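Q: One structure, pasted below without further comment.
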Amino acid sequence: MGGFYLPGLLLWASQFSATLVALAAMLCLTGSYTVMIVLRRAKAMRAGRRMSWFLALCLCFGANVWATHFIAMLAFDPGIPIYYDTTRTALSILVAVLGAMPAFALLLWCPAMRLAWAVAGVVLGAAIGAMHFIGMSAMMLCGSFGYNPVSVVVSLACGMAAAALSMRVMQRTAGRGAFRAGLLLAAAICGLHFIAMGGLVITPHSHWLFSPFITGKGKADLAAAVAAVSMLLLITLLISATTDAKLVERQIEAKRLWHLARHDDLTGLLNRRGLRERLSEMTGEPLVLISIGLVRLKPVDDLFGREVVDKLFCQAAARLAAQLQLADILAMPAGEEFVVLRAIAGAAGEPLAFAQRLIDCLSEPFKIDGVTVQIGACAGLVCSEGSGEGAESLLSAADIALREAKAAGAGQARHFTMAMSARLLRRHQLEQEFEAALRNREFLLFFQPLFDCRSLTLRGFEALARWQHPERGMIGPDEFIPVAEAGGMITALGEYVLEEACRAASTWPEELRVAVNLSPVQLKSPVLPEKIWAALARNGLAPQRLELELTEGAMLEQTAEVQLSLAALKDSGVSFAIDDFGAGYSSLSYLHRFSFERLKIDKSFTREITASPDARIVTGAIIGLGAALGMAVLAEGVETEAQLNILRKAGCGQVQGFLLGKPMPEQDVQTLLTQVAKAGGRAVPVLS
Ligand code: G
Ligand code: G
Ligand code: MN
């Protein structure tokens with residue numbers, strides 16, 4: 001009954017129920033697609049969680065092959081009753097499941113192996129074949145049967161080839177070609193089955209016993225039941241594989257987003273949000289929080305660009321990490337700022353030493369892309385007893401301490417104190433009120449007289465700004481000048497001071513000068529000379545009567561443009577004094593670059609000259625330096641007769657101080673001027 005000539009083929013085909021064959025094919029397609037989806041799922045799992053999906057995969061494969069075979073066999077009616085041996089039928093399922101195992105194990109755990117798909121395909125084809133022929137051997141009928149060897153070989157070869165192709169599609173498309181691969185696997189299963197069936201040769205016995213088993217309607221019902229149960233199984237598997245895939249994908253994505261929101265993408269350290277959350281978890285325990293600010297980054301950025309700065313941040317993070325203990329937390333809540341969090345139960349001095357080590361490790365030069373850069377760092381510390389301060393308040397306390405450390409200079413570390421936050425609050429309030437105060441003319445000038453050291457003849461006044469605050473009372477320039485400098489209000493204030501100083505001086509006798517302090521920030525303005533000349537012109541004051549006081553700090557930051565402005569002012573007759581000499585950087589290099597008319601010795605030296613011979617020597621040397629460079633010398637802060645006498649002997653030119661006159665309001669200047677005029681231009685017993 002075998003052979004593939006056309007009438008034979010038709011005869012052969014007539015032995016199959018078309019409905020059941022279609023049912024088998026449909027089931028096979030669904031099952032094969034499910035196999036691919038489960039395979040894809042198993043592959044996406046981490047090795048640890050893959051095992052259960054691997055087992056499901058093998059079961060799914062075995063069940064699919066077996067159900068297809070079984071329904072296709074029910075579709076087969078050679079004209080004599082057939083029934084099946086249960087043990088062998090069960091064995092055939094087991095063979096299909098076990099046979100799939102090495103193939104799928106290879107694909108899942110050795111994906112890098114070359115031709116893994118081919119090996120797996122051959123093994124799967126063999127498993128399908130083994131299932132088929134063991135399943136066939138369960139067939140019991142009144143007759144004998146055998147196979148045409150050619151069709152056996154061809155069926156196996158086709159099954160293996162199609163299975164291999166299907167695995168190849170899965171590997172090549174990384175699972176996206178699941179439908180195509182499913183089609184190929186279905187082709188492998190159905191192809192193997194029907195080609196093998198084509199080679200089936202049945203020889204019925206002439207007298208067969210009647211068997212009621214599986215005939216007619218019963219056969220169709222059984223097929224439907226098998227198909228329904230397998231389909232249900234496959235669909236359940238399909239749904240769980242796809243929903244699980246989505247769930248895991250969503251979990252992974254959520255995890256990624258969670259991480260992204262809490263970490264700095266450059267250094268991978270915790271960002272402000274991540275730090276805040278960690279800190280909130282720790283606020284019950286004693287801890288020290290250290291805010292580390294990088295300084296002198298600007299020149300690195302200007303010279304080498306953002307890329308080098310980014311690499312610098314990464315290297316800095318690595319250096320800090322090297323200083324930490326296992327339980328410490330390192331974060332980067334802002335650019336240019338790191339935070340170290342340490343749970344403590346130690347002495348109070350220890351955190352400061354730790355902070356100093358952190359600063360030191362950042363102060364070493366960095367080598368980046370072949371360039372060497374040097375930056376500095378400061379640290380602000382806050383210790384918590386674990387008494388429940390909020391994360392945000394701890395962070396801002398450390399920031400406040402860091403600000404004070406930065407104000408003290410690179411390399412400094414400061415512990416947070418309540419006084420710091422009071423200072424900061426007041427500073428913020430002053431900053432807020434500043435512009436309105438300028439408009440309301442709450443600023444006024446006090447004038448302190450300057451005298452000739454030997455004759456005590458009055459030479460002029462230094463203008464000193466005061467803020468007459470309606471609620472806070474008199475505020476000194478030491479407090480509001482830094483606020484104005486940081487907030488950008490210094491230019492407006494400076495113009496106001498200049499105007500007022502020129503106006504006041506224009507009412508004084510012609511031989512008296514007025515000295516006005518200039519902030520380094522004001523010097524940077526390119527229109528400064530024009531503003532000054534305009535103020536002089538408006539008030540009819542000769543430039544020769546104006547002296548501008550600059551600090552050493554201002555001279556260090558000098559650029560070529562600033563030098564040009566200063567030279568233009570000097571050419572017009574305005575004179576210059578170097579203020580607080582000796583108190584600052586004391587780098588003398590600027591003295592020959594720009595010639596000052598006057599040098600003002602800082603009051604810290606004057607205070608010491610009576611008690612300390614060294615201070616006398618230094619003061620004497622400064623006076624000598626001034627004389628050698630052609631500068632007049634003025635000593636500030638003269639408070640006693642003894643100081644005045646020493647300065648006289650040392651040859652000091654002018655003096656200024658509480659002994660001879662405190663800073664005074666403008667009305668008092670007029671009173672002083674009349675008294676001085678009566679005394680013939682000489683100093684009079686001090687007012688007030
Ligand atoms: O007057 P008193 O000792 O508080 O001044 C403190 C400091 O404030 C002084 O060193 C002085 O140079 C500075 N200062 C005072 N008035 C002005 C001003 O109008 N502008 C600038 N830039 N500094 C001033
Ligand atoms: O830094 P500058 O010279 O610009 O500041 C002068 C400041 O020094 C003034 O604000 C004034 O209040 C202060 N001052 C002036 N004379 C004396 C003095 O004799 N003793 C002290 N301690 N301060 C003085
Ligand atoms: Mn001054």
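Within each chain, counting starts at residue 1; across the structure tokens, chains are named A, B, ... in the order shown, with ligands numbered 1 upward in that order.
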Could you write out, as a VMD selection string, all the residues of segment 125-202 of chain A that DSSP marks as strand (DSSP E or B)?

A: chain A and resid 139 to 141 143 to 147 200 to 202

Q: Now that the selection is made, can you save its residues with all heavy atoms as a PDB file, in the first residue's frame?

A:
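Below you can see out.pdb, which holds the result:
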```
ATOM      1  N   MET A 139       0.705   0.995  18.239  1.00  0.00           N
ATOM      2  CA  MET A 139      -0.474   0.709  17.426  1.00  0.00           C
ATOM      3  C   MET A 139      -0.738  -0.809  17.389  1.00  0.00           C
ATOM      4  O   MET A 139       0.163  -1.588  17.125  1.00  0.00           O
ATOM      5  CB  MET A 139      -0.232   1.254  16.015  1.00  0.00           C
ATOM      6  CG  MET A 139      -1.462   1.272  15.146  1.00  0.00           C
ATOM      7  SD  MET A 139      -1.133   2.303  13.693  1.00  0.00           S
ATOM      8  CE  MET A 139      -0.042   1.243  12.780  1.00  0.00           C
ATOM      9  N   MET A 140      -1.980  -1.145  17.686  1.00  0.00           N
ATOM     10  CA  MET A 140      -2.317  -2.562  17.651  1.00  0.00           C
ATOM     11  C   MET A 140      -3.486  -2.756  16.710  1.00  0.00           C
ATOM     12  O   MET A 140      -4.511  -2.088  16.831  1.00  0.00           O
ATOM     13  CB  MET A 140      -2.659  -3.044  19.061  1.00  0.00           C
ATOM     14  CG  MET A 140      -1.460  -2.819  19.983  1.00  0.00           C
ATOM     15  SD  MET A 140      -1.819  -3.047  21.689  1.00  0.00           S
ATOM     16  CE  MET A 140      -1.323  -4.716  21.887  1.00  0.00           C
ATOM     17  N   LEU A 141      -3.319  -3.668  15.744  1.00  0.00           N
ATOM     18  CA  LEU A 141      -4.389  -3.915  14.780  1.00  0.00           C
ATOM     19  C   LEU A 141      -4.351  -5.375  14.320  1.00  0.00           C
ATOM     20  O   LEU A 141      -3.392  -6.107  14.613  1.00  0.00           O
ATOM     21  CB  LEU A 141      -4.259  -2.952  13.596  1.00  0.00           C
ATOM     22  CG  LEU A 141      -2.858  -2.644  13.034  1.00  0.00           C
ATOM     23  CD1 LEU A 141      -2.222  -3.828  12.380  1.00  0.00           C
ATOM     24  CD2 LEU A 141      -2.944  -1.470  12.101  1.00  0.00           C
ATOM     25  N   GLY A 143      -3.417  -7.317  12.029  1.00  0.00           N
ATOM     26  CA  GLY A 143      -2.569  -7.414  10.852  1.00  0.00           C
ATOM     27  C   GLY A 143      -1.154  -7.088  11.266  1.00  0.00           C
ATOM     28  O   GLY A 143      -0.862  -6.894  12.449  1.00  0.00           O
ATOM     29  N   SER A 144      -0.253  -7.004  10.297  1.00  0.00           N
ATOM     30  CA  SER A 144       1.125  -6.610  10.634  1.00  0.00           C
ATOM     31  C   SER A 144       1.467  -5.364   9.833  1.00  0.00           C
ATOM     32  O   SER A 144       0.815  -5.054   8.838  1.00  0.00           O
ATOM     33  CB  SER A 144       2.082  -7.743  10.279  1.00  0.00           C
ATOM     34  OG  SER A 144       1.961  -8.033   8.902  1.00  0.00           O
ATOM     35  N   PHE A 145       2.452  -4.579  10.294  1.00  0.00           N
ATOM     36  CA  PHE A 145       2.851  -3.404   9.515  1.00  0.00           C
ATOM     37  C   PHE A 145       4.357  -3.202   9.530  1.00  0.00           C
ATOM     38  O   PHE A 145       5.062  -3.640  10.427  1.00  0.00           O
ATOM     39  CB  PHE A 145       2.105  -2.157   9.980  1.00  0.00           C
ATOM     40  CG  PHE A 145       2.410  -1.769  11.413  1.00  0.00           C
ATOM     41  CD1 PHE A 145       3.447  -0.894  11.691  1.00  0.00           C
ATOM     42  CD2 PHE A 145       1.644  -2.269  12.468  1.00  0.00           C
ATOM     43  CE1 PHE A 145       3.719  -0.519  13.000  1.00  0.00           C
ATOM     44  CE2 PHE A 145       1.920  -1.909  13.774  1.00  0.00           C
ATOM     45  CZ  PHE A 145       2.953  -1.030  14.042  1.00  0.00           C
ATOM     46  N   GLY A 146       4.839  -2.532   8.496  1.00  0.00           N
ATOM     47  CA  GLY A 146       6.262  -2.228   8.389  1.00  0.00           C
ATOM     48  C   GLY A 146       6.454  -0.913   7.675  1.00  0.00           C
ATOM     49  O   GLY A 146       5.482  -0.230   7.332  1.00  0.00           O
ATOM     50  N   TYR A 147       7.723  -0.492   7.487  1.00  0.00           N
ATOM     51  CA  TYR A 147       8.000   0.815   6.886  1.00  0.00           C
ATOM     52  C   TYR A 147       8.827   0.664   5.629  1.00  0.00           C
ATOM     53  O   TYR A 147       9.711  -0.185   5.556  1.00  0.00           O
ATOM     54  CB  TYR A 147       8.756   1.716   7.849  1.00  0.00           C
ATOM     55  CG  TYR A 147       8.033   1.952   9.149  1.00  0.00           C
ATOM     56  CD1 TYR A 147       8.373   1.222  10.279  1.00  0.00           C
ATOM     57  CD2 TYR A 147       7.008   2.898   9.224  1.00  0.00           C
ATOM     58  CE1 TYR A 147       7.717   1.429  11.479  1.00  0.00           C
ATOM     59  CE2 TYR A 147       6.343   3.104  10.417  1.00  0.00           C
ATOM     60  CZ  TYR A 147       6.696   2.372  11.543  1.00  0.00           C
ATOM     61  OH  TYR A 147       6.039   2.585  12.707  1.00  0.00           O
ATOM     62  N   LEU A 200       4.277   3.720   5.410  1.00  0.00           N
ATOM     63  CA  LEU A 200       3.700   2.670   6.260  1.00  0.00           C
ATOM     64  C   LEU A 200       3.051   1.582   5.381  1.00  0.00           C
ATOM     65  O   LEU A 200       2.274   1.887   4.484  1.00  0.00           O
ATOM     66  CB  LEU A 200       2.636   3.299   7.182  1.00  0.00           C
ATOM     67  CG  LEU A 200       1.952   2.358   8.165  1.00  0.00           C
ATOM     68  CD1 LEU A 200       2.930   1.923   9.268  1.00  0.00           C
ATOM     69  CD2 LEU A 200       0.731   3.025   8.775  1.00  0.00           C
ATOM     70  N   VAL A 201       3.430   0.386   5.670  1.00  0.00           N
ATOM     71  CA  VAL A 201       2.858  -0.721   4.888  1.00  0.00           C
ATOM     72  C   VAL A 201       2.107  -1.646   5.840  1.00  0.00           C
ATOM     73  O   VAL A 201       2.699  -2.200   6.766  1.00  0.00           O
ATOM     74  CB  VAL A 201       3.969  -1.535   4.177  1.00  0.00           C
ATOM     75  CG1 VAL A 201       3.340  -2.604   3.291  1.00  0.00           C
ATOM     76  CG2 VAL A 201       4.859  -0.601   3.385  1.00  0.00           C
ATOM     77  N   ILE A 202       0.734  -1.717   5.657  1.00  0.00           N
ATOM     78  CA  ILE A 202      -0.067  -2.547   6.559  1.00  0.00           C
ATOM     79  C   ILE A 202      -0.541  -3.799   5.805  1.00  0.00           C
ATOM     80  O   ILE A 202      -1.065  -3.711   4.694  1.00  0.00           O
ATOM     81  CB  ILE A 202      -1.291  -1.764   7.081  1.00  0.00           C
ATOM     82  CG1 ILE A 202      -0.803  -0.568   7.932  1.00  0.00           C
ATOM     83  CG2 ILE A 202      -2.200  -2.674   7.917  1.00  0.00           C
ATOM     84  CD1 ILE A 202      -1.927   0.278   8.487  1.00  0.00           C
TER      85      ILE A 202
END
```

Q: If we count only C-alpha atoms, what is near Ile609 of chain A at a cut-off of 10 Å, once residues fewer than 3 positions away on the same chain are taken out, given as a PyMOL selection string?

A: chain A and resi 604-606+612-620+642-644+646-647

Q: Can you tell me which residues surround Leu234 of chain A at a distance of at most 9 Å, considering only C-alpha atoms, apart from same-chain residues fewer than 3 positions away, and format the answer as a PyMOL selection string?

A: chain A and resi 30-31+34-35+60+63-64+229-231+237-239

Q: Write out, as a PDB file, in the first residue's frame, the residues just selected, with N, CA and C atoms.

A:
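So out.pdb came out as:
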```pdb
ATOM      1  N   THR A  30      -0.104  26.078  16.642  1.00  0.00           N
ATOM      2  CA  THR A  30      -0.216  26.796  17.909  1.00  0.00           C
ATOM      3  C   THR A  30       0.867  26.328  18.869  1.00  0.00           C
ATOM      4  N   GLY A  31       1.011  24.991  18.953  1.00  0.00           N
ATOM      5  CA  GLY A  31       1.999  24.431  19.876  1.00  0.00           C
ATOM      6  C   GLY A  31       3.407  24.857  19.520  1.00  0.00           C
ATOM      7  N   THR A  34       3.998  28.374  20.470  1.00  0.00           N
ATOM      8  CA  THR A  34       4.165  28.453  21.925  1.00  0.00           C
ATOM      9  C   THR A  34       5.572  28.030  22.331  1.00  0.00           C
ATOM     10  N   VAL A  35       6.063  26.956  21.699  1.00  0.00           N
ATOM     11  CA  VAL A  35       7.431  26.508  22.000  1.00  0.00           C
ATOM     12  C   VAL A  35       8.414  27.660  21.803  1.00  0.00           C
ATOM     13  N   CYS A  60       6.330  21.373  26.894  1.00  0.00           N
ATOM     14  CA  CYS A  60       5.519  21.982  25.851  1.00  0.00           C
ATOM     15  C   CYS A  60       5.844  21.351  24.499  1.00  0.00           C
ATOM     16  N   ALA A  63       4.610  17.630  24.540  1.00  0.00           N
ATOM     17  CA  ALA A  63       3.151  17.559  24.482  1.00  0.00           C
ATOM     18  C   ALA A  63       2.666  17.924  23.088  1.00  0.00           C
ATOM     19  N   ASN A  64       3.280  18.931  22.516  1.00  0.00           N
ATOM     20  CA  ASN A  64       2.898  19.402  21.188  1.00  0.00           C
ATOM     21  C   ASN A  64       3.117  18.309  20.138  1.00  0.00           C
ATOM     22  N   VAL A 229      -7.663  19.672  25.334  1.00  0.00           N
ATOM     23  CA  VAL A 229      -6.797  19.699  26.519  1.00  0.00           C
ATOM     24  C   VAL A 229      -5.410  20.252  26.168  1.00  0.00           C
ATOM     25  N   SER A 230      -4.848  19.760  25.049  1.00  0.00           N
ATOM     26  CA  SER A 230      -3.506  20.251  24.691  1.00  0.00           C
ATOM     27  C   SER A 230      -3.543  21.733  24.362  1.00  0.00           C
ATOM     28  N   MET A 231      -4.572  22.131  23.633  1.00  0.00           N
ATOM     29  CA  MET A 231      -4.687  23.538  23.258  1.00  0.00           C
ATOM     30  C   MET A 231      -4.752  24.415  24.500  1.00  0.00           C
ATOM     31  N   LEU A 237       0.247  28.259  28.713  1.00  0.00           N
ATOM     32  CA  LEU A 237       1.697  28.461  28.689  1.00  0.00           C
ATOM     33  C   LEU A 237       2.053  29.726  27.902  1.00  0.00           C
ATOM     34  N   LEU A 238       1.368  29.863  26.760  1.00  0.00           N
ATOM     35  CA  LEU A 238       1.632  31.017  25.900  1.00  0.00           C
ATOM     36  C   LEU A 238       1.353  32.317  26.644  1.00  0.00           C
ATOM     37  N   ILE A 239       0.196  32.339  27.311  1.00  0.00           N
ATOM     38  CA  ILE A 239      -0.178  33.562  28.033  1.00  0.00           C
ATOM     39  C   ILE A 239       0.795  33.829  29.169  1.00  0.00           C
TER      40      ILE A 239
END
```

Q: Identify which of the residues A:Leu324, A:Ile578, A:Cys158, A:Leu59 lies closest to ligand 2, counting only C-alpha atoms and all ligand atoms when measuring atom-to-atom distances.

A: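 For ligand 2, the nearest of the candidates is A:Ile578.
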
Q: Could you list, as an NGL selection string, every residue within 12 Å of segment 368-371 of chain A, counting only C-alpha atoms and ignoring same-chain residues fewer than 5 positions away?

A: :A and (300 or 303-305 or 307-316)

Q: Show me which residues are within 7 Å of ligand 2 counting only C-alpha atoms and all ligand atoms, and format the list as a list in words.

A: Leu464, Asn517, Asp579, Asp580, Lys603, Glu636, Gly637, Val638, Glu639, Gln656, Gly657, Phe658, Leu659, Lys662 and Pro663 of chain A

Q: Taking N, CA and C atoms for each residue, export the selection above as an mmCIF file, in the first residue's frame.

A:
```
data_model
loop_
_atom_site.group_PDB
_atom_site.id
_atom_site.type_symbol
_atom_site.label_atom_id
_atom_site.label_comp_id
_atom_site.auth_asym_id
_atom_site.auth_seq_id
_atom_site.Cartn_x
_atom_site.Cartn_y
_atom_site.Cartn_z
ATOM 1 N N LEU A 464 33.893 106.501 54.612
ATOM 2 C CA LEU A 464 33.588 105.122 55.019
ATOM 3 C C LEU A 464 32.071 104.935 55.037
ATOM 4 N N ASN A 517 37.278 104.166 49.176
ATOM 5 C CA ASN A 517 37.645 102.745 49.012
ATOM 6 C C ASN A 517 36.975 102.149 47.780
ATOM 7 N N ASP A 579 45.740 99.987 50.364
ATOM 8 C CA ASP A 579 45.081 99.954 51.681
ATOM 9 C C ASP A 579 45.439 98.679 52.440
ATOM 10 N N ASP A 580 45.362 98.733 53.759
ATOM 11 C CA ASP A 580 45.583 97.549 54.620
ATOM 12 C C ASP A 580 46.874 96.830 54.251
ATOM 13 N N LYS A 603 46.199 98.414 60.339
ATOM 14 C CA LYS A 603 46.124 98.741 61.768
ATOM 15 C C LYS A 603 46.617 97.614 62.663
ATOM 16 N N GLU A 636 47.512 103.386 59.837
ATOM 17 C CA GLU A 636 46.104 103.329 60.243
ATOM 18 C C GLU A 636 45.997 102.895 61.700
ATOM 19 N N GLY A 637 44.868 103.201 62.297
ATOM 20 C CA GLY A 637 44.538 102.641 63.615
ATOM 21 C C GLY A 637 45.370 103.179 64.758
ATOM 22 N N VAL A 638 45.771 104.426 64.670
ATOM 23 C CA VAL A 638 46.546 105.002 65.777
ATOM 24 C C VAL A 638 45.589 105.343 66.920
ATOM 25 N N GLU A 639 45.799 104.698 68.067
ATOM 26 C CA GLU A 639 44.871 104.875 69.189
ATOM 27 C C GLU A 639 45.526 105.517 70.396
ATOM 28 N N GLN A 656 46.169 108.084 60.947
ATOM 29 C CA GLN A 656 44.715 108.025 60.966
ATOM 30 C C GLN A 656 44.364 107.128 62.145
ATOM 31 N N GLY A 657 43.370 107.509 62.937
ATOM 32 C CA GLY A 657 43.027 106.634 64.067
ATOM 33 C C GLY A 657 42.158 107.325 65.087
ATOM 34 N N PHE A 658 41.662 106.495 65.998
ATOM 35 C CA PHE A 658 40.725 106.993 67.002
ATOM 36 C C PHE A 658 41.334 108.084 67.882
ATOM 37 N N LEU A 659 42.659 108.048 68.047
ATOM 38 C CA LEU A 659 43.316 109.062 68.872
ATOM 39 C C LEU A 659 43.047 110.456 68.334
ATOM 40 N N LYS A 662 37.671 109.863 65.112
ATOM 41 C CA LYS A 662 36.927 108.682 64.677
ATOM 42 C C LYS A 662 36.169 109.016 63.401
ATOM 43 N N PRO A 663 35.712 107.981 62.668
ATOM 44 C CA PRO A 663 34.840 108.272 61.530
ATOM 45 C C PRO A 663 33.610 109.016 62.044
#
```

Q: Hey, which of A:Glu511, A:Asp668, A:Asp478, A:Glu561 ends up closest to Pro526 of chain A? Count only C-alpha atoms.

A: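 Comparing A:Glu511, A:Asp668, A:Asp478, A:Glu561 against Pro526 of chain A, the winner is A:Glu561.
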
Q: Using only C-alpha atoms, which residues sit within 9 Å of Ala188 of chain A once same-chain residues fewer than 3 positions away are excluded, as a ChimeraX atom specification?

A: /A:125,128,155-156,158-163,166,183-185,191-193

Q: Check the smallest atom-to-atom distance from each of A:Ala515, A:Ala178, A:Ala42, A:Val295 to Gly460 of chain A using only C-alpha atoms, then report the winner.

A: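 Comparing A:Ala515, A:Ala178, A:Ala42, A:Val295 against Gly460 of chain A, the winner is A:Ala515.
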
Q: How close does chain A get to ligand 1? List, as JSON lines, each residue of chain A within 8 Å, its nearest atom pair and the distance in Å to one decimal, counting only C-alpha atoms and all ligand atoms.

A:
```
{"residue": "A:Leu445", "atom": "CA", "partner": "ligand 1", "partner_atom_place_in_ligand_line": "19 (O)", "distance": 7.8}
{"residue": "A:Phe446", "atom": "CA", "partner": "ligand 1", "partner_atom_place_in_ligand_line": "1 (O)", "distance": 7.9}
{"residue": "A:Ala463", "atom": "CA", "partner": "ligand 1", "partner_atom_place_in_ligand_line": "16 (N)", "distance": 6.5}
{"residue": "A:Leu464", "atom": "CA", "partner": "ligand 1", "partner_atom_place_in_ligand_line": "16 (N)", "distance": 3.7}
{"residue": "A:Ala465", "atom": "CA", "partner": "ligand 1", "partner_atom_place_in_ligand_line": "16 (N)", "distance": 4.0}
{"residue": "A:Arg466", "atom": "CA", "partner": "ligand 1", "partner_atom_place_in_ligand_line": "16 (N)", "distance": 7.1}
{"residue": "A:Gly476", "atom": "CA", "partner": "ligand 1", "partner_atom_place_in_ligand_line": "4 (O)", "distance": 4.8}
{"residue": "A:Pro477", "atom": "CA", "partner": "ligand 1", "partner_atom_place_in_ligand_line": "8 (O)", "distance": 4.5}
{"residue": "A:Asp478", "atom": "CA", "partner": "ligand 1", "partner_atom_place_in_ligand_line": "6 (C)", "distance": 4.8}
{"residue": "A:Ile481", "atom": "CA", "partner": "ligand 1", "partner_atom_place_in_ligand_line": "23 (N)", "distance": 6.2}
{"residue": "A:Ile490", "atom": "CA", "partner": "ligand 1", "partner_atom_place_in_ligand_line": "22 (N)", "distance": 7.5}
{"residue": "A:Leu493", "atom": "CA", "partner": "ligand 1", "partner_atom_place_in_ligand_line": "19 (O)", "distance": 7.3}
{"residue": "A:Gly494", "atom": "CA", "partner": "ligand 1", "partner_atom_place_in_ligand_line": "20 (N)", "distance": 6.0}
{"residue": "A:Val497", "atom": "CA", "partner": "ligand 1", "partner_atom_place_in_ligand_line": "19 (O)", "distance": 5.5}
{"residue": "A:Leu498", "atom": "CA", "partner": "ligand 1", "partner_atom_place_in_ligand_line": "19 (O)", "distance": 7.9}
{"residue": "A:Val516", "atom": "CA", "partner": "ligand 1", "partner_atom_place_in_ligand_line": "19 (O)", "distance": 6.6}
{"residue": "A:Asn517", "atom": "CA", "partner": "ligand 1", "partner_atom_place_in_ligand_line": "21 (C)", "distance": 4.5}
{"residue": "A:Leu518", "atom": "CA", "partner": "ligand 1", "partner_atom_place_in_ligand_line": "22 (N)", "distance": 4.2}
{"residue": "A:Ser519", "atom": "CA", "partner": "ligand 1", "partner_atom_place_in_ligand_line": "22 (N)", "distance": 3.9}
{"residue": "A:Pro520", "atom": "CA", "partner": "ligand 1", "partner_atom_place_in_ligand_line": "22 (N)", "distance": 7.6}
{"residue": "A:Gln522", "atom": "CA", "partner": "ligand 1", "partner_atom_place_in_ligand_line": "22 (N)", "distance": 7.9}
{"residue": "A:Glu549", "atom": "CA", "partner": "ligand 1", "partner_atom_place_in_ligand_line": "12 (O)", "distance": 7.6}
{"residue": "A:Thr551", "atom": "CA", "partner": "ligand 1", "partner_atom_place_in_ligand_line": "12 (O)", "distance": 8.0}
{"residue": "A:Asp579", "atom": "CA", "partner": "ligand 1", "partner_atom_place_in_ligand_line": "12 (O)", "distance": 7.3}
{"residue": "A:Asp580", "atom": "CA", "partner": "ligand 1", "partner_atom_place_in_ligand_line": "10 (O)", "distance": 7.2}
{"residue": "A:Pro663", "atom": "CA", "partner": "ligand 1", "partner_atom_place_in_ligand_line": "1 (O)", "distance": 7.1}
```

Q: Tell me which protein, DNA and RNA residues are within 12 Å of Leu564 of chain A, counting only C-alpha atoms, leaving out same-chain ones fewer than 6 positions away, and put them as a VMD selection string.

A: chain A and resid 523 to 529 558 570 to 571 593 to 594

Q: Convert the current residue selection to file output with C-alpha atoms, as a PDB file, in the first residue's frame.

A:
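The new file selection30.pdb reads:
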```
ATOM      1  CA  LEU A 523      37.736  97.689  39.242  1.00  0.00           C
ATOM      2  CA  LYS A 524      36.514  95.174  36.708  1.00  0.00           C
ATOM      3  CA  SER A 525      33.985  97.615  35.277  1.00  0.00           C
ATOM      4  CA  PRO A 526      35.363  99.077  32.025  1.00  0.00           C
ATOM      5  CA  VAL A 527      33.378 102.294  32.530  1.00  0.00           C
ATOM      6  CA  LEU A 528      34.865 102.989  35.979  1.00  0.00           C
ATOM      7  CA  PRO A 529      37.110 105.896  34.817  1.00  0.00           C
ATOM      8  CA  GLN A 558      44.587  92.761  37.784  1.00  0.00           C
ATOM      9  CA  LYS A 570      46.225 108.388  37.270  1.00  0.00           C
ATOM     10  CA  ASP A 571      46.999 110.494  34.152  1.00  0.00           C
ATOM     11  CA  ARG A 593      53.881  97.310  38.089  1.00  0.00           C
ATOM     12  CA  PHE A 594      51.755 100.180  39.312  1.00  0.00           C
TER      13      PHE A 594
END
```

Q: Mind checking which residues fall within 10 Å of Arg403 of chain A, counting only C-alpha atoms, ignoring those fewer than 5 positions away in the same chain, and posting them as a PyMOL selection string?

A: chain A and resi 291+293+378-380+397-398+408-409+413-414+420+424

Q: Based on the backbone DSSP call, show me all residues of segment 415-632 of chain A assigned alpha helix (DSSP H), as a ChimeraX atom specification.

A: /A:418-439,477-487,490-505,520-523,528-539,552-556,560-571,589-593,603-608,613-628

Q: Just give me the gap between atom CA of Phe443 of chain A and atom CA of Arg538 of chain A in Å, one decimal is fine.

A: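 Atom CA of Arg538 of chain A lies 20.2 Å from atom CA of Phe443 of chain A.
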
Q: Taking into account only C-alpha atoms and all ligand atoms, which residue in the set A:Leu326, A:Val514, A:Ala321, A:Leu541 is nearest to ligand 3?

A: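 Of the candidates, the smallest distance to ligand 3 is held by A:Val514.
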